[in-house]
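Listing of my_file.cif, mmCIF, C-alpha atoms
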```
data_start
loop_
_atom_site.group_PDB
_atom_site.id
_atom_site.type_symbol
_atom_site.label_atom_id
_atom_site.label_comp_id
_atom_site.auth_asym_id
_atom_site.auth_seq_id
_atom_site.Cartn_x
_atom_site.Cartn_y
_atom_site.Cartn_z
ATOM 1 C CA MET A 1 -95.104 0.066 95.290
ATOM 2 C CA THR A 2 -95.559 -2.447 92.470
ATOM 3 C CA GLU A 3 -95.123 -1.534 88.844
ATOM 4 C CA SER A 4 -98.753 -2.309 88.007
ATOM 5 C CA SER A 5 -100.777 -0.418 90.580
ATOM 6 C CA LEU A 6 -100.132 3.031 91.910
ATOM 7 C CA GLY A 7 -101.757 3.412 95.311
ATOM 8 C CA ARG A 8 -103.448 6.273 97.040
ATOM 9 C CA LEU A 9 -101.567 8.684 99.226
ATOM 10 C CA ASP A 10 -103.260 9.807 102.435
ATOM 11 C CA ILE A 11 -101.415 12.074 104.864
ATOM 12 C CA GLN A 12 -103.219 13.623 107.824
ATOM 13 C CA ALA A 13 -102.847 17.350 108.453
ATOM 14 C CA THR A 14 -100.985 18.724 111.464
ATOM 15 C CA LEU A 15 -100.755 22.334 112.657
ATOM 16 C CA SER A 16 -97.793 22.927 110.331
ATOM 17 C CA SER A 17 -98.285 20.396 107.552
ATOM 18 C CA PRO A 18 -101.151 20.012 105.103
ATOM 19 C CA GLN A 19 -103.516 17.142 104.504
ATOM 20 C CA VAL A 20 -102.472 15.328 101.354
ATOM 21 C CA GLN A 21 -104.772 13.113 99.339
ATOM 22 C CA ALA A 22 -103.717 11.526 96.094
ATOM 23 C CA ASP A 23 -106.240 9.349 94.298
ATOM 24 C CA PRO A 24 -105.167 7.786 90.993
ATOM 25 C CA ASP A 25 -108.709 6.649 90.113
ATOM 26 C CA ALA A 26 -110.150 10.120 90.585
ATOM 27 C CA GLY A 27 -107.087 11.671 88.941
ATOM 28 C CA LEU A 28 -106.780 14.042 91.871
ATOM 29 C CA LEU A 29 -103.919 15.284 94.020
ATOM 30 C CA CYS A 30 -105.065 17.599 96.791
ATOM 31 C CA LEU A 31 -103.083 19.604 99.385
ATOM 32 C CA ALA A 32 -105.099 21.384 102.064
ATOM 33 C CA GLY A 33 -104.152 23.339 105.195
ATOM 34 C CA GLU A 34 -100.968 25.144 106.123
ATOM 35 C CA SER A 35 -97.456 24.229 105.130
ATOM 36 C CA TYR A 36 -94.411 25.004 107.274
ATOM 37 C CA PRO A 37 -93.218 21.559 108.397
ATOM 38 C CA GLU A 38 -90.049 21.053 110.418
ATOM 39 C CA ASN A 39 -88.365 19.323 107.485
ATOM 40 C CA THR A 40 -90.195 20.543 104.422
ATOM 41 C CA PHE A 41 -88.118 18.670 101.833
ATOM 42 C CA GLU A 42 -88.708 15.377 103.615
ATOM 43 C CA PHE A 43 -92.430 16.099 103.859
ATOM 44 C CA TYR A 44 -92.812 16.749 100.122
ATOM 45 C CA ARG A 45 -90.637 13.823 98.960
ATOM 46 C CA PRO A 46 -93.471 11.199 98.884
ATOM 47 C CA ILE A 47 -95.758 13.683 97.132
ATOM 48 C CA ASN A 48 -93.164 14.247 94.421
ATOM 49 C CA ALA A 49 -92.625 10.508 94.150
ATOM 50 C CA TRP A 50 -96.368 9.892 93.763
ATOM 51 C CA LEU A 51 -96.658 12.539 91.048
ATOM 52 C CA ASP A 52 -93.610 11.130 89.197
ATOM 53 C CA ALA A 53 -95.132 7.654 89.302
ATOM 54 C CA PHE A 54 -98.579 8.804 88.224
ATOM 55 C CA LEU A 55 -97.294 10.793 85.259
ATOM 56 C CA ALA A 56 -94.998 7.965 84.201
ATOM 57 C CA ARG A 57 -97.507 5.115 84.410
ATOM 58 C CA ASP A 58 -101.038 6.432 84.245
ATOM 59 C CA PRO A 59 -102.219 8.065 81.022
ATOM 60 C CA ARG A 60 -105.346 9.574 82.602
ATOM 61 C CA PRO A 61 -105.707 13.318 83.253
ATOM 62 C CA LEU A 62 -104.746 14.801 86.616
ATOM 63 C CA THR A 63 -106.121 17.694 88.626
ATOM 64 C CA LEU A 64 -103.950 19.291 91.293
ATOM 65 C CA GLU A 65 -106.033 21.007 93.925
ATOM 66 C CA ILE A 66 -104.271 23.518 96.183
ATOM 67 C CA ARG A 67 -106.113 24.635 99.301
ATOM 68 C CA LEU A 68 -103.161 26.029 101.230
ATOM 69 C CA SER A 69 -103.741 29.137 103.313
ATOM 70 C CA TYR A 70 -100.072 29.570 104.204
ATOM 71 C CA LEU A 71 -96.780 28.263 102.807
ATOM 72 C CA ASN A 72 -93.317 28.962 104.157
ATOM 73 C CA THR A 73 -90.608 29.572 101.554
ATOM 74 C CA SER A 74 -89.316 25.977 101.658
ATOM 75 C CA SER A 75 -92.847 24.771 100.899
ATOM 76 C CA ILE A 76 -93.096 27.277 98.055
ATOM 77 C CA LYS A 77 -89.878 25.794 96.667
ATOM 78 C CA CYS A 78 -91.295 22.249 96.919
ATOM 79 C CA LEU A 79 -94.554 23.312 95.307
ATOM 80 C CA ILE A 80 -92.647 24.945 92.430
ATOM 81 C CA ASP A 81 -90.962 21.595 91.803
ATOM 82 C CA LEU A 82 -94.393 19.890 91.646
ATOM 83 C CA LEU A 83 -95.747 22.583 89.329
ATOM 84 C CA ASP A 84 -92.707 22.464 87.027
ATOM 85 C CA GLU A 85 -93.325 18.755 86.640
ATOM 86 C CA LEU A 86 -97.003 19.315 85.862
ATOM 87 C CA GLU A 87 -96.018 22.021 83.399
ATOM 88 C CA ALA A 88 -93.658 19.622 81.617
ATOM 89 C CA ALA A 89 -96.488 17.066 81.418
ATOM 90 C CA HIS A 90 -98.790 19.725 80.004
ATOM 91 C CA GLN A 91 -96.170 20.696 77.391
ATOM 92 C CA ALA A 92 -95.957 17.022 76.450
ATOM 93 C CA GLY A 93 -99.690 16.993 75.769
ATOM 94 C CA ARG A 94 -100.960 15.469 79.027
ATOM 95 C CA GLY A 95 -104.280 16.611 80.464
ATOM 96 C CA VAL A 96 -103.375 18.436 83.670
ATOM 97 C CA VAL A 97 -105.287 21.149 85.496
ATOM 98 C CA LEU A 98 -104.421 23.211 88.547
ATOM 99 C CA ASN A 99 -107.167 24.624 90.771
ATOM 100 C CA TRP A 100 -105.877 27.015 93.434
ATOM 101 C CA TYR A 101 -108.400 28.018 96.099
ATOM 102 C CA TYR A 102 -107.752 31.054 98.304
ATOM 103 C CA ASP A 103 -109.396 33.059 101.058
ATOM 104 C CA PRO A 104 -110.675 36.292 99.455
ATOM 105 C CA ASP A 105 -109.942 38.171 102.715
ATOM 106 C CA ASP A 106 -106.250 37.404 102.354
ATOM 107 C CA ASP A 107 -104.652 39.458 99.551
ATOM 108 C CA ARG A 108 -101.333 37.692 100.094
ATOM 109 C CA ALA A 109 -102.842 34.305 99.254
ATOM 110 C CA MET A 110 -104.055 35.583 95.892
ATOM 111 C CA GLU A 111 -100.776 37.375 95.132
ATOM 112 C CA LEU A 112 -98.906 34.134 95.791
ATOM 113 C CA ALA A 113 -101.173 32.185 93.428
ATOM 114 C CA GLU A 114 -100.720 34.833 90.756
ATOM 115 C CA GLU A 115 -96.962 34.761 91.130
ATOM 116 C CA PHE A 116 -96.981 31.000 90.588
ATOM 117 C CA LYS A 117 -99.185 31.424 87.557
ATOM 118 C CA GLU A 118 -96.827 33.959 85.901
ATOM 119 C CA ASP A 119 -94.346 31.262 84.920
ATOM 120 C CA LEU A 120 -96.759 28.542 83.792
ATOM 121 C CA THR A 121 -98.894 27.884 80.738
ATOM 122 C CA LEU A 122 -100.953 24.906 81.989
ATOM 123 C CA PRO A 123 -104.640 25.492 82.811
ATOM 124 C CA PHE A 124 -104.392 27.312 86.169
ATOM 125 C CA HIS A 125 -107.604 28.470 87.848
ATOM 126 C CA ILE A 126 -107.430 30.808 90.836
ATOM 127 C CA VAL A 127 -110.697 30.376 92.700
ATOM 128 C CA PRO A 128 -111.887 32.445 95.690
ATOM 129 C CA LEU A 129 -113.392 30.368 98.500
ATOM 130 C CA GLN A 130 -116.951 31.229 99.534
ATOM 131 C CA ARG A 131 -117.016 33.620 102.477
ATOM 132 C CA GLU A 132 -118.375 32.059 105.657
ATOM 133 C CA GLY A 133 -121.703 33.237 107.042
ATOM 134 C CA MET B 1 -84.589 41.495 142.308
ATOM 135 C CA ASN B 2 -85.690 44.204 139.877
ATOM 136 C CA HIS B 3 -84.085 42.627 136.813
ATOM 137 C CA LEU B 4 -87.291 41.218 135.351
ATOM 138 C CA HIS B 5 -89.106 44.465 135.916
ATOM 139 C CA ASP B 6 -86.317 46.366 134.119
ATOM 140 C CA LEU B 7 -86.277 43.845 131.282
ATOM 141 C CA ARG B 8 -90.019 44.123 130.864
ATOM 142 C CA HIS B 9 -89.779 47.908 130.947
ATOM 143 C CA THR B 10 -87.090 47.884 128.241
ATOM 144 C CA LEU B 11 -89.180 45.575 126.042
ATOM 145 C CA SER B 12 -92.394 47.558 126.476
ATOM 146 C CA GLY B 13 -90.492 50.774 125.772
ATOM 147 C CA GLN B 14 -89.557 49.318 122.399
ATOM 148 C CA GLY B 15 -93.157 48.424 121.611
ATOM 149 C CA ALA B 16 -92.701 44.690 122.149
ATOM 150 C CA LEU B 17 -95.947 42.692 122.189
ATOM 151 C CA ILE B 18 -94.685 39.130 122.261
ATOM 152 C CA CYS B 19 -91.182 37.822 122.812
ATOM 153 C CA PHE B 20 -89.381 34.564 123.315
ATOM 154 C CA ASN B 21 -85.790 33.865 124.282
ATOM 155 C CA GLY B 22 -84.580 30.270 124.128
ATOM 156 C CA PRO B 23 -84.184 27.312 121.787
ATOM 157 C CA PHE B 24 -86.402 27.391 118.679
ATOM 158 C CA THR B 25 -87.664 23.824 118.597
ATOM 159 C CA HIS B 26 -90.351 23.056 116.035
ATOM 160 C CA ASN B 27 -92.982 22.751 118.791
ATOM 161 C CA ILE B 28 -92.103 26.160 120.176
ATOM 162 C CA ILE B 29 -92.200 27.704 116.685
ATOM 163 C CA GLU B 30 -95.686 26.201 116.158
ATOM 164 C CA GLU B 31 -97.102 27.157 119.549
ATOM 165 C CA LEU B 32 -95.664 30.662 119.669
ATOM 166 C CA GLY B 33 -96.882 31.188 116.102
ATOM 167 C CA LYS B 34 -100.386 30.219 117.223
ATOM 168 C CA ALA B 35 -100.148 32.751 120.045
ATOM 169 C CA VAL B 36 -98.941 35.474 117.680
ATOM 170 C CA ARG B 37 -101.920 34.893 115.389
ATOM 171 C CA LYS B 38 -104.402 34.816 118.287
ATOM 172 C CA TYR B 39 -102.992 38.084 119.559
ATOM 173 C CA LEU B 40 -103.191 39.796 116.180
ATOM 174 C CA GLU B 41 -106.723 38.480 115.578
ATOM 175 C CA PHE B 42 -107.701 39.861 118.964
ATOM 176 C CA GLU B 43 -106.251 43.222 117.864
ATOM 177 C CA ARG B 44 -108.449 42.991 114.742
ATOM 178 C CA THR B 45 -105.419 43.138 112.493
ATOM 179 C CA GLN B 46 -106.269 42.829 108.802
ATOM 180 C CA ARG B 47 -105.852 39.308 107.495
ATOM 181 C CA SER B 48 -103.069 40.190 105.027
ATOM 182 C CA ALA B 49 -101.100 42.178 107.655
ATOM 183 C CA LEU B 50 -101.509 39.298 110.104
ATOM 184 C CA MET B 51 -100.208 36.814 107.550
ATOM 185 C CA ASP B 52 -97.230 39.093 106.773
ATOM 186 C CA VAL B 53 -96.240 39.150 110.451
ATOM 187 C CA PHE B 54 -96.763 35.391 110.761
ATOM 188 C CA SER B 55 -94.778 34.727 107.608
ATOM 189 C CA VAL B 56 -91.790 36.831 108.702
ATOM 190 C CA TYR B 57 -91.989 35.202 112.158
ATOM 191 C CA ILE B 58 -91.865 31.708 110.582
ATOM 192 C CA GLU B 59 -89.023 32.538 108.190
ATOM 193 C CA ALA B 60 -86.946 34.166 110.945
ATOM 194 C CA THR B 61 -87.387 31.375 113.504
ATOM 195 C CA GLN B 62 -87.013 28.536 110.991
ATOM 196 C CA ASN B 63 -83.840 30.195 109.651
ATOM 197 C CA VAL B 64 -82.362 30.039 113.161
ATOM 198 C CA ALA B 65 -83.481 26.434 113.719
ATOM 199 C CA ASN B 66 -82.304 25.311 110.264
ATOM 200 C CA TYR B 67 -78.934 26.995 110.734
ATOM 201 C CA ALA B 68 -78.434 25.423 114.158
ATOM 202 C CA ASN B 69 -79.451 21.975 112.899
ATOM 203 C CA ARG B 70 -77.352 21.908 109.728
ATOM 204 C CA GLU B 71 -76.125 18.493 108.633
ATOM 205 C CA GLY B 72 -73.041 17.343 110.505
ATOM 206 C CA ARG B 73 -73.198 19.695 113.488
ATOM 207 C CA PRO B 74 -72.307 18.143 116.842
ATOM 208 C CA GLU B 75 -75.155 18.166 119.372
ATOM 209 C CA ASP B 76 -73.568 20.673 121.793
ATOM 210 C CA GLN B 77 -72.988 23.119 118.931
ATOM 211 C CA ARG B 78 -76.626 22.757 117.816
ATOM 212 C CA LEU B 79 -77.779 23.715 121.291
ATOM 213 C CA ARG B 80 -75.479 26.748 121.443
ATOM 214 C CA LEU B 81 -76.528 27.987 117.995
ATOM 215 C CA ASN B 82 -80.245 27.433 118.532
ATOM 216 C CA ALA B 83 -80.330 29.932 121.421
ATOM 217 C CA GLY B 84 -82.370 32.567 119.659
ATOM 218 C CA ILE B 85 -84.553 35.491 120.528
ATOM 219 C CA ILE B 86 -87.623 36.812 118.744
ATOM 220 C CA VAL B 87 -89.502 40.011 119.509
ATOM 221 C CA ILE B 88 -92.726 40.962 117.758
ATOM 222 C CA GLY B 89 -93.850 44.472 118.369
ATOM 223 C CA ARG B 90 -95.314 47.631 117.049
ATOM 224 C CA GLN B 91 -93.724 50.962 116.128
ATOM 225 C CA ASP B 92 -96.250 53.631 115.237
ATOM 226 C CA GLU B 93 -98.320 52.148 112.395
ATOM 227 C CA HIS B 94 -95.951 49.281 111.686
ATOM 228 C CA TYR B 95 -95.501 45.771 112.972
ATOM 229 C CA VAL B 96 -91.871 44.953 113.622
ATOM 230 C CA VAL B 97 -90.338 41.490 113.826
ATOM 231 C CA GLN B 98 -86.850 41.289 115.337
ATOM 232 C CA SER B 99 -84.845 38.119 115.656
ATOM 233 C CA GLY B 100 -81.375 37.317 116.913
ATOM 234 C CA ASN B 101 -79.139 34.276 117.106
ATOM 235 C CA PRO B 102 -75.476 33.317 117.496
ATOM 236 C CA LEU B 103 -73.428 32.423 114.415
ATOM 237 C CA LEU B 104 -70.061 30.797 113.903
ATOM 238 C CA PRO B 105 -67.687 33.700 113.083
ATOM 239 C CA GLY B 106 -67.054 32.869 109.397
ATOM 240 C CA ASP B 107 -70.782 32.536 108.768
ATOM 241 C CA GLY B 108 -71.399 36.062 110.074
ATOM 242 C CA GLU B 109 -69.261 37.584 107.343
ATOM 243 C CA ALA B 110 -70.934 35.573 104.548
ATOM 244 C CA LEU B 111 -74.380 36.540 105.826
ATOM 245 C CA ARG B 112 -73.424 40.206 106.044
ATOM 246 C CA GLN B 113 -72.297 40.173 102.407
ATOM 247 C CA ARG B 114 -75.554 38.524 101.370
ATOM 248 C CA LEU B 115 -77.635 41.093 103.281
ATOM 249 C CA ASP B 116 -75.565 43.971 101.835
ATOM 250 C CA ARG B 117 -76.381 42.684 98.325
ATOM 251 C CA LEU B 118 -80.099 42.448 99.157
ATOM 252 C CA ALA B 119 -80.086 45.964 100.630
ATOM 253 C CA ALA B 120 -79.030 47.354 97.252
ATOM 254 C CA LEU B 121 -82.087 45.903 95.486
ATOM 255 C CA ASP B 122 -85.418 47.628 94.910
ATOM 256 C CA LYS B 123 -88.787 45.773 94.880
ATOM 257 C CA ALA B 124 -88.379 44.610 91.282
ATOM 258 C CA GLY B 125 -84.800 43.504 91.928
ATOM 259 C CA LEU B 126 -85.894 41.543 95.017
ATOM 260 C CA LYS B 127 -88.635 39.823 93.049
ATOM 261 C CA ALA B 128 -86.188 38.847 90.295
ATOM 262 C CA ALA B 129 -83.683 37.526 92.864
ATOM 263 C CA TYR B 130 -86.493 35.603 94.582
ATOM 264 C CA LYS B 131 -87.618 33.982 91.346
ATOM 265 C CA GLU B 132 -84.048 33.061 90.458
ATOM 266 C CA GLN B 133 -83.507 31.437 93.861
ATOM 267 C CA LEU B 134 -86.848 29.642 93.573
ATOM 268 C CA ARG B 135 -85.535 27.664 90.607
ATOM 269 C CA ALA B 136 -81.981 27.254 91.890
ATOM 270 C CA ARG B 137 -80.975 23.682 92.627
ATOM 271 C CA VAL B 138 -81.169 22.873 96.329
ATOM 272 C CA ASP B 139 -78.309 20.943 97.913
ATOM 273 C CA PRO B 140 -79.638 17.500 98.987
ATOM 274 C CA ASP B 141 -78.495 18.145 102.576
ATOM 275 C CA ALA B 142 -80.010 21.625 102.763
ATOM 276 C CA THR B 143 -82.635 22.297 105.418
ATOM 277 C CA GLY B 144 -83.958 25.420 103.710
ATOM 278 C CA ALA B 145 -84.413 26.812 100.224
ATOM 279 C CA GLY B 146 -82.345 29.996 100.751
ATOM 280 C CA LEU B 147 -85.470 32.093 100.258
ATOM 281 C CA GLY B 148 -86.224 33.292 103.785
ATOM 282 C CA LEU B 149 -84.256 36.552 103.722
ATOM 283 C CA LEU B 150 -85.588 37.403 100.270
ATOM 284 C CA GLU B 151 -89.146 36.781 101.428
ATOM 285 C CA MET B 152 -88.632 39.004 104.474
ATOM 286 C CA ALA B 153 -87.018 41.754 102.387
ATOM 287 C CA ARG B 154 -89.941 41.644 99.941
ATOM 288 C CA LYS B 155 -92.511 41.968 102.719
ATOM 289 C CA ALA B 156 -90.661 44.743 104.560
ATOM 290 C CA CYS B 157 -91.630 48.360 103.886
ATOM 291 C CA VAL B 158 -88.049 49.590 104.367
ATOM 292 C CA PRO B 159 -84.743 47.751 103.791
ATOM 293 C CA LEU B 160 -83.884 45.097 106.382
ATOM 294 C CA GLU B 161 -81.792 46.338 109.310
ATOM 295 C CA TYR B 162 -79.084 44.060 110.658
ATOM 296 C CA ALA B 163 -76.135 44.013 113.015
ATOM 297 C CA PHE B 164 -73.360 41.627 113.956
ATOM 298 C CA VAL B 165 -71.849 41.781 117.435
ATOM 299 C CA PRO B 166 -68.830 39.581 118.240
ATOM 300 C CA ASP B 167 -69.178 37.718 121.534
ATOM 301 C CA ASP B 168 -65.583 37.175 122.590
ATOM 302 C CA ALA B 169 -66.386 35.006 125.589
ATOM 303 C CA GLU B 170 -68.342 32.511 123.475
ATOM 304 C CA GLY B 171 -66.271 32.900 120.306
ATOM 305 C CA LEU B 172 -69.485 33.442 118.366
ATOM 306 C CA THR B 173 -71.024 36.390 116.523
ATOM 307 C CA PHE B 174 -74.496 37.543 117.518
ATOM 308 C CA PHE B 175 -76.671 38.364 114.522
ATOM 309 C CA SER B 176 -79.715 40.659 114.863
ATOM 310 C CA LEU B 177 -82.278 41.261 112.161
ATOM 311 C CA LYS B 178 -85.087 43.818 112.168
ATOM 312 C CA VAL B 179 -87.975 43.617 109.709
ATOM 313 C CA ILE B 180 -90.402 46.542 109.603
ATOM 314 C CA LEU B 181 -93.689 45.676 107.920
#
```
Entire entry expressed as structure tokens:
Amino acid sequence: MTESSLGRLDIQATLSSPQVQADPDAGLLCLAGESYPENTFEFYRPINAWLDAFLARDPRPLTLEIRLSYLNTSSIKCLIDLLDELEAAHQAGRGVVLNWYYDPDDDRAMELAEEFKEDLTLPFHIVPLQREG
Amino acid sequence: MNHLHDLRHTLSGQGALICFNGPFTHNIIEELGKAVRKYLEFERTQRSALMDVFSVYIEATQNVANYANREGRPEDQRLRLNAGIIVIGRQDEHYVVQSGNPLLPGDGEALRQRLDRLAALDKAGLKAAYKEQLRARVDPDATGAGLGLLEMARKACVPLEYAFVPDDAEGLTFFSLKVIL
């Protein structure tokens, strides 16, 4: 990665790891799917690195979009680290927004989002997904 | 040649729906997890109850795999420690997830002390302990976040049940955990 241009991040989903799309031009970092990879810390390392780099070099606002229907506890830990970093950026006056989408049929998904929200002050929207059919 | 029949009878008698005995590789954890969800969907289990069972299943099996594959373990020891068992079943109105795996003797005692501390906590105490662990620094070599037992204890409707049985022949301690949801 050169100092001047921060690239995109595109990771395909598997059964146990989410799709990850990071787009500096759109100011969007999106995680979608389920998250219980074999080595969770290794999986999240490039995502953390991308977020570090974006916040350090790019002054534009960032939206984090979470569309995760299940996270194991190691993934929750990794996500907390991402959110703490976003929170620090928010405290420093950066424009950051978190949109958390959840399945309204799954109470646990909403409870998890709310538990994350308890400890943060950045703009955090918990949005129910449209029911199918 | 009636062993399998007896084994099956014992398992059914305990309300077992799905069980697996063998090494918890990541592929097996994924595939068996898929089967567990299919089964519960077929049973028309509520989405949140289904996800509770799945979540406890994942934490239990990944705990075994992570423990067996800790940094620096020789290959033959990994294989011996990854020989786990998982039984998902039903008791009356409750889903029950039971898991078992061998531990090195010293580790059994440390785990027992940890579980004894968790057993003394109520829901609010478990949540506080969970949040504290969530922000604890993770060792760079760690394969897990140390949150699995807390997550299981929070989801359980009664305190976690656990037992440690020394296996003298193998020199290991067999750990069993029962989570009633």
Test item: the PyMOL selection byres ((chain A) within 12 of (chain B)) resolved as an MDAnalysis selection string
chainID A and resid 14:17 34:43 45 69:84 103:112 115:116 118:119
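Considering the residues A:Pro128, A:Pro123, A:Gly7, A:Gly27 and counting all atoms listed in the file, Thr63 of chain A has its shortest atom-to-atom contact with A:Gly27.
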Taken to one decimal, the atom CA of Gly95 of chain A-atom CA of Pro61 of chain A distance is 4.5 Å
May I have the residues within 10 Å of Leu129 of chain A as an NGL selection string, using all atoms listed in the file and disregarding those fewer than 2 positions away in the same chain?
:A and (67 or 100-105 or 126-127 or 131-132)
One decimal place gives the atom CA of Leu55 of chain A-atom CA of Ala13 of chain A separation as 24.7 Å
Measure the distance from atom CA of Pro59 of chain A to atom CA of Val97 of chain A in Å and round it to one decimal.
14.2 Å
Closest of B:Lys155, B:Leu7, B:Asn82, B:Tyr162 to Tyr130 of chain B - atom-to-atom distances counting all atoms listed in the file:
B:Lys155
Produce the centre coordinates and the three edge lengths, each in Å to one decimal, of the box along x, y and z that contains all listed atoms of segment 73-78 of chain A with 3 Å added on each side, as JSON.
```
{"center_x": -91.2, "center_y": 25.9, "center_z": 99.2, "size_x": 9.8, "size_y": 13.3, "size_z": 11.0}
```
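Residues captured in this structure file are Ile85, Ile86, Gln98, Gly100, Ser176 and Leu177 of chain B, according to the PyMOL selection byres ((chain B and resi 99) around 6).
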What's around Arg57 of chain A at 12 Å? Count all atoms listed in the file, leave out sequence neighbours fewer than 2 positions away in its own chain, and write the answer as a PyMOL selection string.
chain A and resi 2-7+24+50-55+59-61
So which residues get picked by the PyMOL selection byres ((chain B and resi 122) around 12) here, written as JSON, numbers by chain?
{"B": [117, 118, 119, 120, 121, 123, 124, 125, 126, 127, 128, 129, 150, 153, 154, 155, 156, 157, 158, 159, 160]}
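Residue nearest Pro46 of chain A, chosen from A:Leu64, A:Leu86, A:Cys30, A:Leu9 and counting all atoms listed in the file: A:Leu9.
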Could you please give me, as a PDB file with C-alpha atoms, keeping the file's coordinate frame, the residues of protein, DNA or RNA lying at most 9 Å from (-90.2, 47.6, 118.5) in the coordinate frame of the file, considering only C-alpha atoms?
```
ATOM      1  CA  LEU B  11     -89.180  45.575 126.042  1.00  0.00           C
ATOM      2  CA  SER B  12     -92.394  47.558 126.476  1.00  0.00           C
ATOM      3  CA  GLY B  13     -90.492  50.774 125.772  1.00  0.00           C
ATOM      4  CA  GLN B  14     -89.557  49.318 122.399  1.00  0.00           C
ATOM      5  CA  GLY B  15     -93.157  48.424 121.611  1.00  0.00           C
ATOM      6  CA  ALA B  16     -92.701  44.690 122.149  1.00  0.00           C
ATOM      7  CA  LEU B  17     -95.947  42.692 122.189  1.00  0.00           C
ATOM      8  CA  VAL B  87     -89.502  40.011 119.509  1.00  0.00           C
ATOM      9  CA  ILE B  88     -92.726  40.962 117.758  1.00  0.00           C
ATOM     10  CA  GLY B  89     -93.850  44.472 118.369  1.00  0.00           C
ATOM     11  CA  ARG B  90     -95.314  47.631 117.049  1.00  0.00           C
ATOM     12  CA  GLN B  91     -93.724  50.962 116.128  1.00  0.00           C
ATOM     13  CA  TYR B  95     -95.501  45.771 112.972  1.00  0.00           C
ATOM     14  CA  VAL B  96     -91.871  44.953 113.622  1.00  0.00           C
ATOM     15  CA  VAL B  97     -90.338  41.490 113.826  1.00  0.00           C
ATOM     16  CA  GLN B  98     -86.850  41.289 115.337  1.00  0.00           C
ATOM     17  CA  LYS B 178     -85.087  43.818 112.168  1.00  0.00           C
ATOM     18  CA  ILE B 180     -90.402  46.542 109.603  1.00  0.00           C
TER      19      ILE B 180
END
```
